[in-house]
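K.L.:
This is the structure, below, for whatever I ask next.
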Amino acid sequence: MNHDKDDEAFRRIVADMEAYANGESDEIRTRFTHDTRPDSMPTESADPIPRPVADRSGTGSPRGSADSLKPGEARPGEWVVELPDDPGEDDGTTEGAPVDPPREVYPPSVAEWMEAKDKARLPVLPDWVKLPDQRRAVRKWAVRHYSTVVGYHAVRLPCVYTPKVLWYAPRGAWRWSAAVGRWVFDAEGKGLRLAAVRDEDAGEYLRLSRQRNDRVRLRGIIAAIAGVVGLAAALTLYVMAPSWLLLLAVATLTTTLGAVGAPADRPLIDMAKVTFRKRRLSSDIIIRAHEAAKLTSKDQTIAFPRPIGREGDGWRVVVDLPYGKHFEDALNAHARLASGMDIAPTQLFLDKDETSVRRVSYWIADRDPLAVPAGKSPLLGATRVDFWKPFPWGVDERGNPVMATMLWLSLLVGAVPRQGKTFSARTIALAAALDPYVRLYLFDGKASPDWRKFSKVAHRIAFGIVPKNGFDPVVHLLTSLRELRADVEDRYHRLSELPLHICPEGKLTPEISRDKKLNMPLVLFVIDEVQEYLQHPEHGKEILALLVYLARVAPAVGVSVLTSTQKPDDKACPSELRDQHQARFSLRVGSWQVSDVVLGAGSYSEGLDASKLLKSHKGVGLLKGMSDDAGIVRTYLADGRDAERILTRAAALREAEGTLTGDAAGEAPAPETSATILDDAAAVLGKGEAKVWSETIVDRLAVLRPDVYGAWVALEAKAKAEALSNALKPFGITTVQISRRVNGEQSNKRGIKRDDITAAITERNQKRDDS
């Protein structure tokens, strides 16, 4: 055995370990060499785990003696091992250094700082103090509320409260006398004196007894004096006071004794109003709600990025859902979340947070806010309205004002009957009426009295679908639609031809709309119960085509369309018309499918479902498309009398501005197309043409008189044929099937015959001559 070599290896290992401890070495290579291993064996083992080598000497004792070792030295090894220190790659990091990138803080700009301050600034005076209409509403509410409270108690005073007072007064007298007796004889100190007796503390007992005697003596004197004074005052009052004062004193004393004697659980005075349940939310309730909704698990729960706090008449709670959950999960669990919070589903509102898909903002109302009316319309206190600016339409579920605008869009309103659909649409029309430079077209398919007073200001107006006294409202609607279509086409051309200093971008401006010479005012076309007109057997299809055109094209030149219906299905109100409305407003409907029809496909998946609204939610609906946000609107109310007051003021405004036109001013519309259709059809028939397709006739008529027949050109081929057929039907002319070969193929289309036109003209002229 070569012990010198082993000693040298061991000393090298010890030196390497000391160098590593001092930070002078990056790697330790430790070799323990067994003394029985041959020198020719490798000095490094491929196995990183040290393994014992059997003792071949048979004695089992180690080589050498511990007495021969110097201090700090170890016995020559019996193991072979190499312990590498893996340095890894040098990536510039050190042990214990943070691996997350540093958080950079960007100071806000001045504009952001001012915007944040503006949002945080509270108004000096609330709106109900500043706004006259709200002051008036608060005053009316106070009178109504407190008069009800006074009346409630006045009715119960003789028949409920007086018997209670007389019944409880003896008990109150006993309680009062017993309390005076306990006070005079120092009953409150009896427990201390008894404790001193139990503890056999004679000194303490004597001290308390002397204190009690002094108190009883003083209090007895006070009670005696008070009794004498009270008795004298009572005798004086009985002898000298007038009867009314004596009765008042007896009533006051009896009432006081009755209040003292009334049981704590049965108050003397009943409550004149119901106190709504308002609970204080806590994080435990919110966590419990998410557990009940199965949005959390034992391993993952919600987090609160900000404290729970009050917001209006409710609570604002912002939570971060567990990883993997998102806003749609919370939306689908809406009912379970409300159950977990022990509230009604109509009290829980969910808002999406744009910063994180798993962050949800809840607003929990103290009571159902949708059952609370929004109140009277502020239009009652407005002298006039600028329709170019947003106007008050209602409030949201938190009571914040909701401003509406009809610029550059069309609005569809849908609901089941008796939910406030007409009143909601009428509020918008009332705002338009208060702007004297807005031209109103109004047609009511159900002929209800809700719109009758608009005849004071409307340029064109009609009610129902049944002709009466020689006036056909459907024909009047059709004439108005054609008139408006020609106006829209004319506006596009005129706006493109105006000088740049008047119309810099080729678009309608407030100045242009108020210039009477240009005659391009803002127009609001309102048609209530539109399904009644669309299902008309003769003119329904042409009305549909014209409405589709106006809803799609007209808003860009200042002509807005507002349609409402209680049957938004494809048969009564086809999708080709519904899809042209950029804004939708749905009050309560029968199912989520109908809600999706009114609000647009995909609205249900966004959390918009008007079928969840209750029957008691009058005038409440979901608004989508009028702004970037979609939400609940509780529309203001303007009943029949309020509407008449507003329209009377609107008519006076229009008379003063000289903008009262059309039906309101007694101006008849342009002559109907059917009055000259016979002569025009005869004029466009070519020589030798016995039969001509209807669509060909329509195209020729549009060239002949574009101001009258121009609206027909944009119709489909079938619609063109129906429009011509409806115009000729009053003269007894019917279309026939005409077959022709075009480009080698046989085509069959509806058309008219020259002989029928000639016969109709002859008959008409004959009637004229006879008359």
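Residues in the structure tokens are numbered from 1 in each chain, the chains being A, B, ... in the order shown, and ligands are numbered from 1 in the order shown.
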Env of A:Ser611: 7 Å cut, atoms = only C-alpha atoms, seq-sep filter 2 positions within chain, self excluded. Answer as a PyMOL selection string.

P.N.:
chain A and resi 588-592+595+609+613

K.L.:
With only C-alpha atoms as the counted atoms, please give the residues lying no more than 6 Å from A:Ala458, apart from itself and same-chain residues fewer than 6 positions off, as an MDAnalysis selection string.

P.N.:
chainID A and resid 440:441 664

K.L.:
If you run DSSP on the backbone here, which positions in stretch 284-389 of chain A get alpha helix (DSSP H)? Please write them as a VMD selection string.

P.N.:
chain A and resid 284 to 292 327 to 332 334 to 341

K.L.:
Keeping only N, CA, C and O atoms, take the residues you just selected and write them out as a PDB file, in the first residue's frame.

P.N.:
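Everything below was put into selection_16.pdb:
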```pdb
ATOM      1  N   ASP A 284     -67.388  37.651   4.066  1.00  0.00           N
ATOM      2  CA  ASP A 284     -67.855  36.279   4.278  1.00  0.00           C
ATOM      3  C   ASP A 284     -69.093  35.988   3.447  1.00  0.00           C
ATOM      4  O   ASP A 284     -69.240  34.882   2.895  1.00  0.00           O
ATOM      5  N   ILE A 285     -70.001  36.959   3.351  1.00  0.00           N
ATOM      6  CA  ILE A 285     -71.209  36.757   2.546  1.00  0.00           C
ATOM      7  C   ILE A 285     -70.852  36.609   1.072  1.00  0.00           C
ATOM      8  O   ILE A 285     -71.403  35.756   0.360  1.00  0.00           O
ATOM      9  N   ILE A 286     -69.936  37.420   0.592  1.00  0.00           N
ATOM     10  CA  ILE A 286     -69.537  37.350  -0.824  1.00  0.00           C
ATOM     11  C   ILE A 286     -68.841  36.019  -1.116  1.00  0.00           C
ATOM     12  O   ILE A 286     -69.097  35.381  -2.145  1.00  0.00           O
ATOM     13  N   ILE A 287     -67.959  35.594  -0.224  1.00  0.00           N
ATOM     14  CA  ILE A 287     -67.271  34.309  -0.420  1.00  0.00           C
ATOM     15  C   ILE A 287     -68.292  33.166  -0.398  1.00  0.00           C
ATOM     16  O   ILE A 287     -68.223  32.240  -1.215  1.00  0.00           O
ATOM     17  N   ARG A 288     -69.249  33.236   0.539  1.00  0.00           N
ATOM     18  CA  ARG A 288     -70.282  32.204   0.601  1.00  0.00           C
ATOM     19  C   ARG A 288     -71.098  32.160  -0.689  1.00  0.00           C
ATOM     20  O   ARG A 288     -71.450  31.079  -1.183  1.00  0.00           O
ATOM     21  N   ALA A 289     -71.400  33.320  -1.256  1.00  0.00           N
ATOM     22  CA  ALA A 289     -72.178  33.369  -2.494  1.00  0.00           C
ATOM     23  C   ALA A 289     -71.419  32.707  -3.639  1.00  0.00           C
ATOM     24  O   ALA A 289     -72.013  31.975  -4.443  1.00  0.00           O
ATOM     25  N   HIS A 290     -70.121  32.935  -3.727  1.00  0.00           N
ATOM     26  CA  HIS A 290     -69.341  32.315  -4.807  1.00  0.00           C
ATOM     27  C   HIS A 290     -69.190  30.813  -4.595  1.00  0.00           C
ATOM     28  O   HIS A 290     -69.115  30.058  -5.573  1.00  0.00           O
ATOM     29  N   GLU A 291     -69.139  30.398  -3.349  1.00  0.00           N
ATOM     30  CA  GLU A 291     -69.113  28.961  -3.093  1.00  0.00           C
ATOM     31  C   GLU A 291     -70.440  28.319  -3.480  1.00  0.00           C
ATOM     32  O   GLU A 291     -70.470  27.241  -4.077  1.00  0.00           O
ATOM     33  N   ALA A 292     -71.557  28.994  -3.161  1.00  0.00           N
ATOM     34  CA  ALA A 292     -72.867  28.474  -3.541  1.00  0.00           C
ATOM     35  C   ALA A 292     -73.041  28.435  -5.054  1.00  0.00           C
ATOM     36  O   ALA A 292     -73.712  27.556  -5.591  1.00  0.00           O
ATOM     37  N   PHE A 327     -65.810  36.405 -16.644  1.00  0.00           N
ATOM     38  CA  PHE A 327     -67.039  37.155 -16.411  1.00  0.00           C
ATOM     39  C   PHE A 327     -68.271  36.356 -16.835  1.00  0.00           C
ATOM     40  O   PHE A 327     -69.308  36.404 -16.165  1.00  0.00           O
ATOM     41  N   GLU A 328     -68.179  35.618 -17.939  1.00  0.00           N
ATOM     42  CA  GLU A 328     -69.328  34.861 -18.412  1.00  0.00           C
ATOM     43  C   GLU A 328     -69.734  33.787 -17.406  1.00  0.00           C
ATOM     44  O   GLU A 328     -70.923  33.472 -17.279  1.00  0.00           O
ATOM     45  N   ASP A 329     -68.767  33.209 -16.692  1.00  0.00           N
ATOM     46  CA  ASP A 329     -69.113  32.223 -15.668  1.00  0.00           C
ATOM     47  C   ASP A 329     -69.953  32.863 -14.566  1.00  0.00           C
ATOM     48  O   ASP A 329     -70.937  32.289 -14.096  1.00  0.00           O
ATOM     49  N   ALA A 330     -69.542  34.057 -14.126  1.00  0.00           N
ATOM     50  CA  ALA A 330     -70.320  34.755 -13.107  1.00  0.00           C
ATOM     51  C   ALA A 330     -71.691  35.152 -13.639  1.00  0.00           C
ATOM     52  O   ALA A 330     -72.687  35.115 -12.914  1.00  0.00           O
ATOM     53  N   LEU A 331     -71.748  35.518 -14.907  1.00  0.00           N
ATOM     54  CA  LEU A 331     -73.019  35.919 -15.508  1.00  0.00           C
ATOM     55  C   LEU A 331     -73.989  34.741 -15.559  1.00  0.00           C
ATOM     56  O   LEU A 331     -75.184  34.882 -15.263  1.00  0.00           O
ATOM     57  N   ASN A 332     -73.484  33.569 -15.908  1.00  0.00           N
ATOM     58  CA  ASN A 332     -74.344  32.391 -15.962  1.00  0.00           C
ATOM     59  C   ASN A 332     -74.795  31.955 -14.569  1.00  0.00           C
ATOM     60  O   ASN A 332     -75.808  31.264 -14.442  1.00  0.00           O
ATOM     61  N   HIS A 334     -75.707  33.988 -12.211  1.00  0.00           N
ATOM     62  CA  HIS A 334     -76.321  35.179 -11.603  1.00  0.00           C
ATOM     63  C   HIS A 334     -77.340  34.811 -10.523  1.00  0.00           C
ATOM     64  O   HIS A 334     -77.318  35.351  -9.409  1.00  0.00           O
ATOM     65  N   ALA A 335     -78.233  33.875 -10.837  1.00  0.00           N
ATOM     66  CA  ALA A 335     -79.282  33.510  -9.874  1.00  0.00           C
ATOM     67  C   ALA A 335     -78.683  32.848  -8.640  1.00  0.00           C
ATOM     68  O   ALA A 335     -79.118  33.102  -7.507  1.00  0.00           O
ATOM     69  N   ARG A 336     -77.672  32.001  -8.825  1.00  0.00           N
ATOM     70  CA  ARG A 336     -77.048  31.326  -7.673  1.00  0.00           C
ATOM     71  C   ARG A 336     -76.271  32.318  -6.811  1.00  0.00           C
ATOM     72  O   ARG A 336     -76.232  32.190  -5.584  1.00  0.00           O
ATOM     73  N   LEU A 337     -75.651  33.310  -7.444  1.00  0.00           N
ATOM     74  CA  LEU A 337     -74.954  34.338  -6.670  1.00  0.00           C
ATOM     75  C   LEU A 337     -75.946  35.133  -5.815  1.00  0.00           C
ATOM     76  O   LEU A 337     -75.683  35.418  -4.644  1.00  0.00           O
ATOM     77  N   ALA A 338     -77.090  35.489  -6.412  1.00  0.00           N
ATOM     78  CA  ALA A 338     -78.100  36.219  -5.646  1.00  0.00           C
ATOM     79  C   ALA A 338     -78.617  35.385  -4.489  1.00  0.00           C
ATOM     80  O   ALA A 338     -78.845  35.899  -3.381  1.00  0.00           O
ATOM     81  N   SER A 339     -78.797  34.091  -4.731  1.00  0.00           N
ATOM     82  CA  SER A 339     -79.250  33.219  -3.648  1.00  0.00           C
ATOM     83  C   SER A 339     -78.210  33.131  -2.543  1.00  0.00           C
ATOM     84  O   SER A 339     -78.554  33.137  -1.357  1.00  0.00           O
ATOM     85  N   GLY A 340     -76.930  33.058  -2.919  1.00  0.00           N
ATOM     86  CA  GLY A 340     -75.878  33.009  -1.905  1.00  0.00           C
ATOM     87  C   GLY A 340     -75.780  34.282  -1.085  1.00  0.00           C
ATOM     88  O   GLY A 340     -75.354  34.248   0.080  1.00  0.00           O
ATOM     89  N   MET A 341     -76.170  35.415  -1.683  1.00  0.00           N
ATOM     90  CA  MET A 341     -76.184  36.679  -0.944  1.00  0.00           C
ATOM     91  C   MET A 341     -77.511  36.917  -0.235  1.00  0.00           C
ATOM     92  O   MET A 341     -77.667  37.929   0.456  1.00  0.00           O
TER      93      MET A 341
END
```

K.L.:
Need the shell around A:Pro378: protein/DNA/RNA residues with any atom at most 12 Å away, counting only C-alpha atoms. Skip same-chain ones fewer than 6 positions apart. Format as a ChimeraX atom specification?

P.N.:
/A:127-128,131-137,384-385,391-395,401-403,427,430-431,635-638,642-643,646

K.L.:
Looking only at the backbone, which of the residues in stretch 156-365 of chain A does DSSP tag as strand (DSSP E or B), as a ChimeraX atom specification?

P.N.:
/A:303,309-310,314-320,348-352,359-365

K.L.:
A:Glu489: which residues within 10 Å, counting only C-alpha atoms, same-chain residues fewer than 2 positions away excluded, as a list in words?

P.N.:
Leu484, Arg485, Ala486, Asp487, Arg491, Tyr492, His493, Arg494, Val553, Ala554, Val557, Gly710 and Ala711 of chain A

K.L.:
For a test of reading the model, state the distance in Å between atom CA of A:Ala717 and atom CA of A:Asn748, rounded to one decimal.

P.N.:
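Result for atom CA of A:Ala717 versus atom CA of A:Asn748: 12.4 Å, one decimal.
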
K.L.:
Hey, can you check how far atom CA of A:Lys325 sits from atom CA of A:Asp628?

P.N.:
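Going from atom CA of A:Lys325 over to atom CA of A:Asp628 covers 25.0 Å.
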
K.L.:
Just how far from atom CA of A:Leu653 is atom CA of A:Glu529, in Å to one decimal?

P.N.:
28.8 Å

K.L.:
So that I can see what lies close to A:Pro369, please list as an MDAnalysis selection string the residues with an atom at most 9 Å from it, counting only C-alpha atoms and leaving out residues fewer than 6 positions away in the same chain.

P.N.:
chainID A and resid 313 346:347 396:399

K.L.:
When you look at A:Leu268 with a cut-off of 7 Å (counting only C-alpha atoms), what residues show up, excluding the ones that are within fewer than 4 positions of it in the same chain? I need them as a list in words.

P.N.:
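Final neighbour list, sorted by chain and number: Tyr161, Lys164, Ala259 and Ala262 of chain A.
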
K.L.:
Could you save the residues just selected, with N, CA and C atoms, as an mmCIF file, in the first residue's frame?

P.N.:
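That gives us result.cif:
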```cif
data_model
loop_
_atom_site.group_PDB
_atom_site.id
_atom_site.type_symbol
_atom_site.label_atom_id
_atom_site.label_comp_id
_atom_site.auth_asym_id
_atom_site.auth_seq_id
_atom_site.Cartn_x
_atom_site.Cartn_y
_atom_site.Cartn_z
ATOM 1 N N TYR A 161 -104.998 54.048 19.144
ATOM 2 C CA TYR A 161 -104.011 54.575 20.095
ATOM 3 C C TYR A 161 -104.643 54.929 21.450
ATOM 4 N N LYS A 164 -105.229 51.906 23.636
ATOM 5 C CA LYS A 164 -103.935 51.404 24.097
ATOM 6 C C LYS A 164 -103.410 52.239 25.263
ATOM 7 N N ALA A 259 -97.238 55.342 27.547
ATOM 8 C CA ALA A 259 -95.989 55.036 26.854
ATOM 9 C C ALA A 259 -95.029 54.284 27.771
ATOM 10 N N ALA A 262 -96.283 50.587 28.136
ATOM 11 C CA ALA A 262 -96.394 49.749 26.938
ATOM 12 C C ALA A 262 -95.290 48.704 26.916
#
```

K.L.:
Using only C-alpha atoms, what does the table of stretch 441-521 of chain A residues within 12 Å of stretch 534-551 of chain A look like, with each row giving the shortest atom pair and its distance in Å to one decimal, sorted by chain and ascending number, as CSV?

P.N.:
```
residue,atom,partner,partner_atom,distance
A:Gly445,CA,A:Leu534,CA,9.8
A:Gly464,CA,A:His536,CA,11.3
A:Ile465,CA,A:His536,CA,8.2
A:Val466,CA,A:His536,CA,10.5
A:Asp472,CA,A:His539,CA,11.7
A:Pro473,CA,A:His539,CA,11.4
A:Val474,CA,A:His539,CA,7.6
A:Val475,CA,A:His539,CA,8.0
A:His476,CA,A:His539,CA,11.1
A:Leu477,CA,A:Ile543,CA,8.1
A:Leu478,CA,A:Ile543,CA,6.3
A:Thr479,CA,A:Ile543,CA,9.8
A:Ser480,CA,A:Leu546,CA,10.2
A:Leu481,CA,A:Leu546,CA,6.4
A:Arg482,CA,A:Leu546,CA,7.4
A:Glu483,CA,A:Leu546,CA,10.4
A:Leu484,CA,A:Leu550,CA,8.3
A:Arg485,CA,A:Leu550,CA,6.9
A:Ala486,CA,A:Leu550,CA,10.5
A:Asp487,CA,A:Leu550,CA,10.6
A:Val488,CA,A:Leu550,CA,8.1
A:Glu489,CA,A:Leu550,CA,10.2
```

K.L.:
Pick out the residues sitting within 7 Å of stretch 407-415 of chain A, and hand them over as a PyMOL selection string; count only C-alpha atoms, and ignore anything fewer than 6 positions along from it in its own chain.

P.N.:
chain A and resi 388+421+551+555-556+558+560-566+568+581-589+598

K.L.:
Those same residues - N, CA, C and O atoms - I'd like them written as a tab-separated table (two decimals), in the first residue's frame.

P.N.:
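result38.tsv, freshly written:
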```
chain	number	residue	atom	x	y	z
A	388	TRP	N	-79.72	68.31	-31.23
A	388	TRP	CA	-78.36	67.95	-31.60
A	388	TRP	C	-77.57	67.47	-30.39
A	388	TRP	O	-76.49	66.90	-30.55
A	421	LYS	N	-94.00	50.67	-23.48
A	421	LYS	CA	-93.28	50.83	-24.75
A	421	LYS	C	-93.64	52.15	-25.41
A	421	LYS	O	-92.74	52.89	-25.85
A	551	ALA	N	-84.27	53.46	-42.77
A	551	ALA	CA	-83.52	53.07	-41.57
A	551	ALA	C	-82.05	52.84	-41.89
A	551	ALA	O	-81.18	53.06	-41.03
A	555	PRO	N	-80.36	58.06	-41.77
A	555	PRO	CA	-79.74	58.71	-40.61
A	555	PRO	C	-78.50	59.53	-40.93
A	555	PRO	O	-78.21	60.50	-40.23
A	556	ALA	N	-77.78	59.18	-41.97
A	556	ALA	CA	-76.56	59.91	-42.30
A	556	ALA	C	-76.82	61.33	-42.75
A	556	ALA	O	-75.91	62.17	-42.71
A	558	GLY	N	-79.46	63.12	-41.39
A	558	GLY	CA	-80.27	63.76	-40.36
A	558	GLY	C	-81.69	63.29	-40.27
A	558	GLY	O	-82.52	63.95	-39.63
A	560	SER	N	-83.86	60.38	-38.78
A	560	SER	CA	-83.82	59.23	-37.87
A	560	SER	C	-85.17	58.54	-37.86
A	560	SER	O	-86.22	59.18	-37.96
A	561	VAL	N	-85.13	57.23	-37.71
A	561	VAL	CA	-86.34	56.40	-37.72
A	561	VAL	C	-86.49	55.74	-36.36
A	561	VAL	O	-85.55	55.13	-35.85
A	562	LEU	N	-87.67	55.85	-35.77
A	562	LEU	CA	-87.99	55.20	-34.49
A	562	LEU	C	-89.21	54.32	-34.72
A	562	LEU	O	-90.30	54.81	-34.99
A	563	THR	N	-89.01	53.02	-34.64
A	563	THR	CA	-90.11	52.07	-34.81
A	563	THR	C	-90.30	51.29	-33.52
A	563	THR	O	-89.33	50.96	-32.84
A	564	SER	N	-91.55	51.00	-33.20
A	564	SER	CA	-91.85	50.19	-32.02
A	564	SER	C	-92.85	49.12	-32.40
A	564	SER	O	-93.69	49.32	-33.29
A	565	THR	N	-92.76	47.99	-31.71
A	565	THR	CA	-93.63	46.87	-32.01
A	565	THR	C	-93.76	45.98	-30.80
A	565	THR	O	-92.87	45.91	-29.95
A	566	GLN	N	-94.89	45.29	-30.71
A	566	GLN	CA	-95.08	44.28	-29.70
A	566	GLN	C	-95.00	42.87	-30.29
A	566	GLN	O	-95.19	41.89	-29.58
A	568	PRO	N	-92.11	41.39	-32.50
A	568	PRO	CA	-90.86	41.52	-33.27
A	568	PRO	C	-90.44	40.25	-34.01
A	568	PRO	O	-89.26	40.05	-34.25
A	581	HIS	N	-81.60	48.83	-37.70
A	581	HIS	CA	-81.62	49.73	-36.54
A	581	HIS	C	-80.32	49.59	-35.75
A	581	HIS	O	-79.98	48.50	-35.28
A	582	GLN	N	-79.62	50.70	-35.62
A	582	GLN	CA	-78.35	50.66	-34.89
A	582	GLN	C	-78.56	50.59	-33.39
A	582	GLN	O	-77.71	50.08	-32.67
A	583	ALA	N	-79.66	51.12	-32.89
A	583	ALA	CA	-79.95	51.12	-31.45
A	583	ALA	C	-81.19	50.29	-31.20
A	583	ALA	O	-82.14	50.29	-31.99
A	584	ARG	N	-81.18	49.57	-30.08
A	584	ARG	CA	-82.31	48.72	-29.70
A	584	ARG	C	-82.68	48.99	-28.24
A	584	ARG	O	-81.81	49.21	-27.40
A	585	PHE	N	-83.98	48.95	-27.97
A	585	PHE	CA	-84.46	49.11	-26.59
A	585	PHE	C	-85.57	48.09	-26.36
A	585	PHE	O	-86.60	48.14	-27.04
A	586	SER	N	-85.33	47.17	-25.45
A	586	SER	CA	-86.29	46.11	-25.17
A	586	SER	C	-86.78	46.21	-23.74
A	586	SER	O	-85.99	46.12	-22.80
A	587	LEU	N	-88.08	46.42	-23.60
A	587	LEU	CA	-88.71	46.29	-22.29
A	587	LEU	C	-89.03	44.81	-22.07
A	587	LEU	O	-88.53	43.96	-22.80
A	588	ARG	N	-89.84	44.49	-21.09
A	588	ARG	CA	-90.07	43.09	-20.76
A	588	ARG	C	-90.68	42.34	-21.95
A	588	ARG	O	-91.62	42.82	-22.59
A	589	VAL	N	-90.11	41.17	-22.23
A	589	VAL	CA	-90.62	40.29	-23.28
A	589	VAL	C	-90.83	38.90	-22.70
A	589	VAL	O	-90.50	38.64	-21.54
A	598	VAL	N	-85.12	41.35	-30.39
A	598	VAL	CA	-85.21	42.81	-30.28
A	598	VAL	C	-83.84	43.44	-30.15
A	598	VAL	O	-83.50	44.41	-30.85
```
